Amino acid sequence: MTTPLTVATLFDTLQAKLALSWVAGQNGRHRTIRYEPGDDRTNISLVGHLNFIHPHRIQLIGETEHGYLTGLRKNSRKDAINQLLNDDSDLIIVCDNLAPPDELRQRADALPMPVLSSPLPSQEIISHLQYFYGAMFAQRTTLHGVFMEVMGIGVLITGDPSVGKSELALELVSRGHRLIADDIPEFARVAPDVLSGSCPELLRDFLEVRGLGILNVRAMFGDSAIKQRKYLRLVIHLDKMSEEQIRGIDRLRGSQRTREILSIHVPEITLPVAPGRNLAVMVEAAARTHILAMKGYDASQVFIERQQKQIEQNT
């Protein structure tokens with residue numbers, strides 16, 4: 001992350017989703033929420049229920065924690081609140097529309113320590129915050145190619161310059177598929193085995209086609225021709241092959257392998273580029289084949305088994 005995350009940024013981003021409101025410490029809205037995943041220098045976690053022994057950067061007060069604080073004697077509650085608002089915490093969120101103790105409001109305003117309130121249960125808030133931070137700190141990379149939604153799955157089209165990636169993308173759009181990003185799609189590892197691809201804001205909606213220049217796909221084909229983001233499921237690599245190279249391709253399984261992107265293995269199919277080959281139809285067929293493979297169907301294996309049965313019958 002290039003810029004630190006502040007409480008104000010988190011509030012503005014998640015206010016509508018979590019129904020957040022300010023309780024106290026609004027003067028600390030620009031306080032930085034300190035968190036670096038994978039940092040071995042600290043054992044402080046990002047978010048969790050109120051914990052004095054292993055504090056969190058974002059401390060949540062649910063019904064159990066609220067009952068604990070309000071059940072303490074005055075002096076004990078004051079000590080607990082002082083410990084809660086120590087240097088390890090950066091934000092307090094009171095859940096379930098609970099009213100925080102007056103001592104908490106007063107102490108938070110004096111520091112100031114941001115205190116927010118939400119009507120949602122604590123577990124739901126934790127899930128939203130973990131997803132929010134997971135996307136923010138995800139590993140990212142930029143690849144050269146055209147990223148599209150074909151047959152409902154994310155397909156990255158790669159190949160050497162001038163091989164015809166953009167022309168193929170334009171034909172796929174005209175056939176009802178959707179453009180996500182041209183030239184430099186961005187990919188983020190949002191889960192252990194999931195890559196999410198999107199387009200840099202500057203290039204959004206645009207497609208460069210040699211001879212035609214820059215095209216605005218949204219203006220030409222409508223909003224339905226554009227997709228904001230999609231999970232990457234398949235890579236199609238276009239390659240100008242010689243006749244000898246084409247003859248060397250496996251006739252049963254084609255040219256298939258896996259490509260490692262951000263430590264995730266993504267299936268890759270190489271399609272030969274030659275005059276007379278309808279690449280758009282082949283990309284659609286490759287996408288359909290991959291969808292069947294995800295369901296456990298392998299056409300080449302079925303063909304081999306059928307051939308083996310035929311041989312056994314003849315024998």
# chains A, B, ... in the order shown; residues from 1 in each chain; ligands from 1
$ residues_around --residues "Val273 (chain A)" --least-positions-apart "3" --cutoff "9 Å" --atoms "only C-alpha atoms" --output "list in words"
Val163, Gly164, Leu238, Asp239, Lys240, Met241, Gly276, Arg277 and Leu279 of chain A
$ write_last_selection --atoms "N, CA and C atoms" --output "PDB file, in the first residue's frame"
ATOM      1  N   VAL A 163       0.586  -9.391 -32.966  1.00  0.00           N
ATOM      2  CA  VAL A 163       0.125 -10.744 -33.285  1.00  0.00           C
ATOM      3  C   VAL A 163      -1.384 -10.774 -33.528  1.00  0.00           C
ATOM      4  N   GLY A 164      -2.099  -9.714 -33.084  1.00  0.00           N
ATOM      5  CA  GLY A 164      -3.535  -9.638 -33.323  1.00  0.00           C
ATOM      6  C   GLY A 164      -4.401  -9.746 -32.091  1.00  0.00           C
ATOM      7  N   LEU A 238      -1.361 -16.348 -28.101  1.00  0.00           N
ATOM      8  CA  LEU A 238      -1.335 -16.380 -29.563  1.00  0.00           C
ATOM      9  C   LEU A 238       0.113 -16.465 -30.034  1.00  0.00           C
ATOM     10  N   ASP A 239       0.368 -17.398 -30.952  1.00  0.00           N
ATOM     11  CA  ASP A 239       1.745 -17.622 -31.400  1.00  0.00           C
ATOM     12  C   ASP A 239       1.766 -17.862 -32.912  1.00  0.00           C
ATOM     13  N   LYS A 240       2.611 -17.094 -33.606  1.00  0.00           N
ATOM     14  CA  LYS A 240       2.794 -17.310 -35.038  1.00  0.00           C
ATOM     15  C   LYS A 240       3.742 -18.489 -35.225  1.00  0.00           C
ATOM     16  N   MET A 241       3.178 -19.626 -35.626  1.00  0.00           N
ATOM     17  CA  MET A 241       3.958 -20.853 -35.756  1.00  0.00           C
ATOM     18  C   MET A 241       4.188 -21.203 -37.213  1.00  0.00           C
ATOM     19  N   GLY A 276      -6.638 -17.689 -42.258  1.00  0.00           N
ATOM     20  CA  GLY A 276      -7.790 -18.576 -42.374  1.00  0.00           C
ATOM     21  C   GLY A 276      -8.277 -19.172 -41.074  1.00  0.00           C
ATOM     22  N   ARG A 277      -7.560 -18.975 -39.980  1.00  0.00           N
ATOM     23  CA  ARG A 277      -7.982 -19.536 -38.690  1.00  0.00           C
ATOM     24  C   ARG A 277      -8.887 -18.537 -37.987  1.00  0.00           C
ATOM     25  N   LEU A 279      -9.873 -17.204 -34.950  1.00  0.00           N
ATOM     26  CA  LEU A 279      -9.396 -17.221 -33.569  1.00  0.00           C
ATOM     27  C   LEU A 279     -10.514 -16.956 -32.569  1.00  0.00           C
TER      28      LEU A 279
END
$ residues_around --residues "region 114-125 of chain A" --least-positions-apart "3" --cutoff "8 Å" --atoms "only C-alpha atoms" --output "short mmCIF file (atom, residue, chain, number, x, y, z; two decimals) with N, CA and C atoms, in the first residue's frame"
data_model
loop_
_atom_site.label_atom_id
_atom_site.label_comp_id
_atom_site.auth_asym_id
_atom_site.auth_seq_id
_atom_site.Cartn_x
_atom_site.Cartn_y
_atom_site.Cartn_z
N VAL A 7 -8.27 6.42 9.70
CA VAL A 7 -9.62 6.12 10.16
C VAL A 7 -10.64 6.82 9.27
N LEU A 18 -21.44 -0.62 6.51
CA LEU A 18 -21.48 -1.01 7.92
C LEU A 18 -22.35 -0.09 8.76
N ALA A 19 -22.98 0.91 8.13
CA ALA A 19 -23.84 1.88 8.85
C ALA A 19 -23.08 2.51 10.02
N LEU A 20 -21.86 2.97 9.73
CA LEU A 20 -21.00 3.52 10.78
C LEU A 20 -21.43 4.94 11.15
N SER A 21 -21.22 5.29 12.39
CA SER A 21 -21.45 6.66 12.88
C SER A 21 -20.42 6.97 13.96
N TRP A 22 -20.14 8.26 14.13
CA TRP A 22 -19.14 8.66 15.12
C TRP A 22 -19.74 8.70 16.52
N VAL A 23 -18.98 8.17 17.47
CA VAL A 23 -19.38 8.19 18.88
C VAL A 23 -18.51 9.16 19.65
N ALA A 24 -17.21 9.12 19.42
CA ALA A 24 -16.28 9.99 20.16
C ALA A 24 -14.96 10.02 19.40
N GLY A 25 -14.10 10.97 19.81
CA GLY A 25 -12.75 11.04 19.26
C GLY A 25 -12.69 11.42 17.79
N GLN A 26 -13.65 12.24 17.32
CA GLN A 26 -13.67 12.59 15.91
C GLN A 26 -12.46 13.43 15.51
N ASN A 27 -11.84 14.09 16.45
CA ASN A 27 -10.63 14.85 16.14
C ASN A 27 -9.45 13.94 15.77
N GLY A 28 -9.60 12.66 16.05
CA GLY A 28 -8.56 11.70 15.67
C GLY A 28 -8.88 10.96 14.38
N ARG A 29 -9.72 11.53 13.54
CA ARG A 29 -10.16 10.86 12.31
C ARG A 29 -9.01 10.62 11.34
N ARG A 31 -6.06 9.64 12.23
CA ARG A 31 -5.13 8.70 12.85
C ARG A 31 -4.87 7.52 11.91
N HIS A 49 -12.22 -8.90 18.77
CA HIS A 49 -12.96 -8.46 19.94
C HIS A 49 -12.01 -7.92 21.01
N LEU A 60 -13.07 -4.32 18.77
CA LEU A 60 -14.53 -4.35 18.66
C LEU A 60 -15.15 -4.65 20.02
N ILE A 61 -16.20 -3.91 20.33
CA ILE A 61 -16.94 -4.12 21.57
C ILE A 61 -18.33 -4.62 21.20
N GLY A 62 -18.55 -5.93 21.41
CA GLY A 62 -19.86 -6.53 21.17
C GLY A 62 -20.62 -6.64 22.48
N ASP A 90 -5.83 1.66 17.53
CA ASP A 90 -5.99 2.82 16.65
C ASP A 90 -7.45 3.17 16.40
N LEU A 91 -8.35 2.24 16.69
CA LEU A 91 -9.78 2.49 16.44
C LEU A 91 -10.61 1.56 17.31
N ILE A 92 -11.70 2.09 17.85
CA ILE A 92 -12.66 1.30 18.63
C ILE A 92 -13.99 1.34 17.88
N ILE A 93 -14.60 0.17 17.72
CA ILE A 93 -15.93 0.09 17.10
C ILE A 93 -16.88 -0.59 18.08
N VAL A 94 -17.96 0.09 18.42
CA VAL A 94 -18.98 -0.45 19.30
C VAL A 94 -20.09 -1.03 18.43
N CYS A 95 -20.41 -2.30 18.60
CA CYS A 95 -21.32 -3.01 17.70
C CYS A 95 -22.72 -3.13 18.30
N ASP A 96 -23.63 -3.66 17.52
CA ASP A 96 -25.00 -3.99 17.96
C ASP A 96 -25.77 -2.80 18.51
N ASN A 97 -25.44 -1.59 18.05
CA ASN A 97 -26.12 -0.37 18.52
C ASN A 97 -26.04 -0.19 20.03
N LEU A 98 -24.97 -0.69 20.63
CA LEU A 98 -24.81 -0.57 22.07
C LEU A 98 -24.31 0.83 22.44
N ARG A 105 -16.40 7.49 26.26
CA ARG A 105 -16.58 8.67 25.42
C ARG A 105 -15.66 9.80 25.86
N ALA A 108 -11.94 9.02 25.20
CA ALA A 108 -11.65 9.00 23.77
C ALA A 108 -11.61 10.41 23.20
N ASP A 109 -12.51 11.29 23.64
CA ASP A 109 -12.48 12.68 23.18
C ASP A 109 -11.23 13.40 23.65
N HIS A 128 -16.26 -8.09 7.19
CA HIS A 128 -16.13 -7.00 6.23
C HIS A 128 -14.74 -6.37 6.30
N LEU A 129 -14.23 -6.15 7.50
CA LEU A 129 -12.93 -5.52 7.64
C LEU A 129 -11.81 -6.43 7.12
#
$ closest_residue --among "A:Arg204, A:Arg259, A:His290, A:His30" --to "Met113 (chain A)" --atoms "only C-alpha atoms"
A:His30
$ select_by_dssp --residues "region 252-309 of chain A" --states "strand (DSSP E or B)" --output "number ranges by chain"
A: 256-261, 264-272
$ select_by_dssp --residues "region 141-308 of chain A" --states "alpha helix (DSSP H)" --output "PyMOL selection string"
chain A and resi 165-174+217-221+243-247+279-294+299-308
$ closest_residue --among "A:Ile184, A:Leu72, A:Ile126, A:Leu104" --to "Leu84 (chain A)" --atoms "only C-alpha atoms"
A:Leu104
$ closest_residue --among "A:Asn216, A:Thr258, A:Ser242, A:Gln130" --to "Asp182 (chain A)" --atoms "only C-alpha atoms"
A:Asn216
$ atom_distance --atom1 "CA of Val155 (chain A)" --atom2 "CA of Leu262 (chain A)"
16.4 Å
$ residues_around --residues "region 245-252 of chain A" --least-positions-apart "5" --cutoff "10 Å" --atoms "only C-alpha atoms" --output "PyMOL selection string"
chain A and resi 240+270-274+299-301+303-304
$ closest_residue --among "A:Ala280, A:Ala191, A:Ile53, A:Leu215" --to "Gln83 (chain A)" --atoms "only C-alpha atoms"
A:Ile53
$ atom_distance --atom1 "CA of Glu268 (chain A)" --atom2 "CA of His237 (chain A)"
7.0 Å
$ atom_distance --atom1 "CA of Leu179 (chain A)" --atom2 "CA of Asp205 (chain A)"
7.6 Å
$ residues_around --residues "region 226-234 of chain A" --least-positions-apart "5" --cutoff "9 Å" --atoms "only C-alpha atoms" --output "number ranges by chain"
A: 147-149, 153-157, 173, 177-181, 187, 194-199, 204-205, 217-218, 221, 266-269, 286-287, 290
$ residues_around --residues "Gly48 (chain A)" --least-positions-apart "3" --cutoff "8 Å" --atoms "only C-alpha atoms" --output "PyMOL selection string"
chain A and resi 45+51+56+58-60+126
$ write_last_selection --atoms "N, CA and C atoms" --output "PDB file, in the first residue's frame"
ATOM      1  N   SER A  45      -2.548  -8.073  15.985  1.00  0.00           N
ATOM      2  CA  SER A  45      -3.368  -8.376  14.818  1.00  0.00           C
ATOM      3  C   SER A  45      -4.184  -7.154  14.417  1.00  0.00           C
ATOM      4  N   ASN A  51      -9.553  -7.190  23.634  1.00  0.00           N
ATOM      5  CA  ASN A  51      -8.567  -8.085  24.214  1.00  0.00           C
ATOM      6  C   ASN A  51      -7.458  -7.250  24.834  1.00  0.00           C
ATOM      7  N   HIS A  56      -5.731  -5.599  19.537  1.00  0.00           N
ATOM      8  CA  HIS A  56      -5.860  -5.470  18.094  1.00  0.00           C
ATOM      9  C   HIS A  56      -5.768  -3.994  17.724  1.00  0.00           C
ATOM     10  N   ILE A  58      -7.757  -2.616  15.598  1.00  0.00           N
ATOM     11  CA  ILE A  58      -9.164  -2.219  15.638  1.00  0.00           C
ATOM     12  C   ILE A  58      -9.866  -3.118  16.651  1.00  0.00           C
ATOM     13  N   GLN A  59     -10.245  -2.532  17.784  1.00  0.00           N
ATOM     14  CA  GLN A  59     -10.878  -3.299  18.873  1.00  0.00           C
ATOM     15  C   GLN A  59     -12.393  -3.185  18.758  1.00  0.00           C
ATOM     16  N   LEU A  60     -13.075  -4.322  18.768  1.00  0.00           N
ATOM     17  CA  LEU A  60     -14.527  -4.354  18.664  1.00  0.00           C
ATOM     18  C   LEU A  60     -15.151  -4.654  20.025  1.00  0.00           C
ATOM     19  N   ILE A 126     -16.244  -7.854  11.551  1.00  0.00           N
ATOM     20  CA  ILE A 126     -14.919  -8.458  11.392  1.00  0.00           C
ATOM     21  C   ILE A 126     -14.758  -9.023   9.986  1.00  0.00           C
TER      22      ILE A 126
END
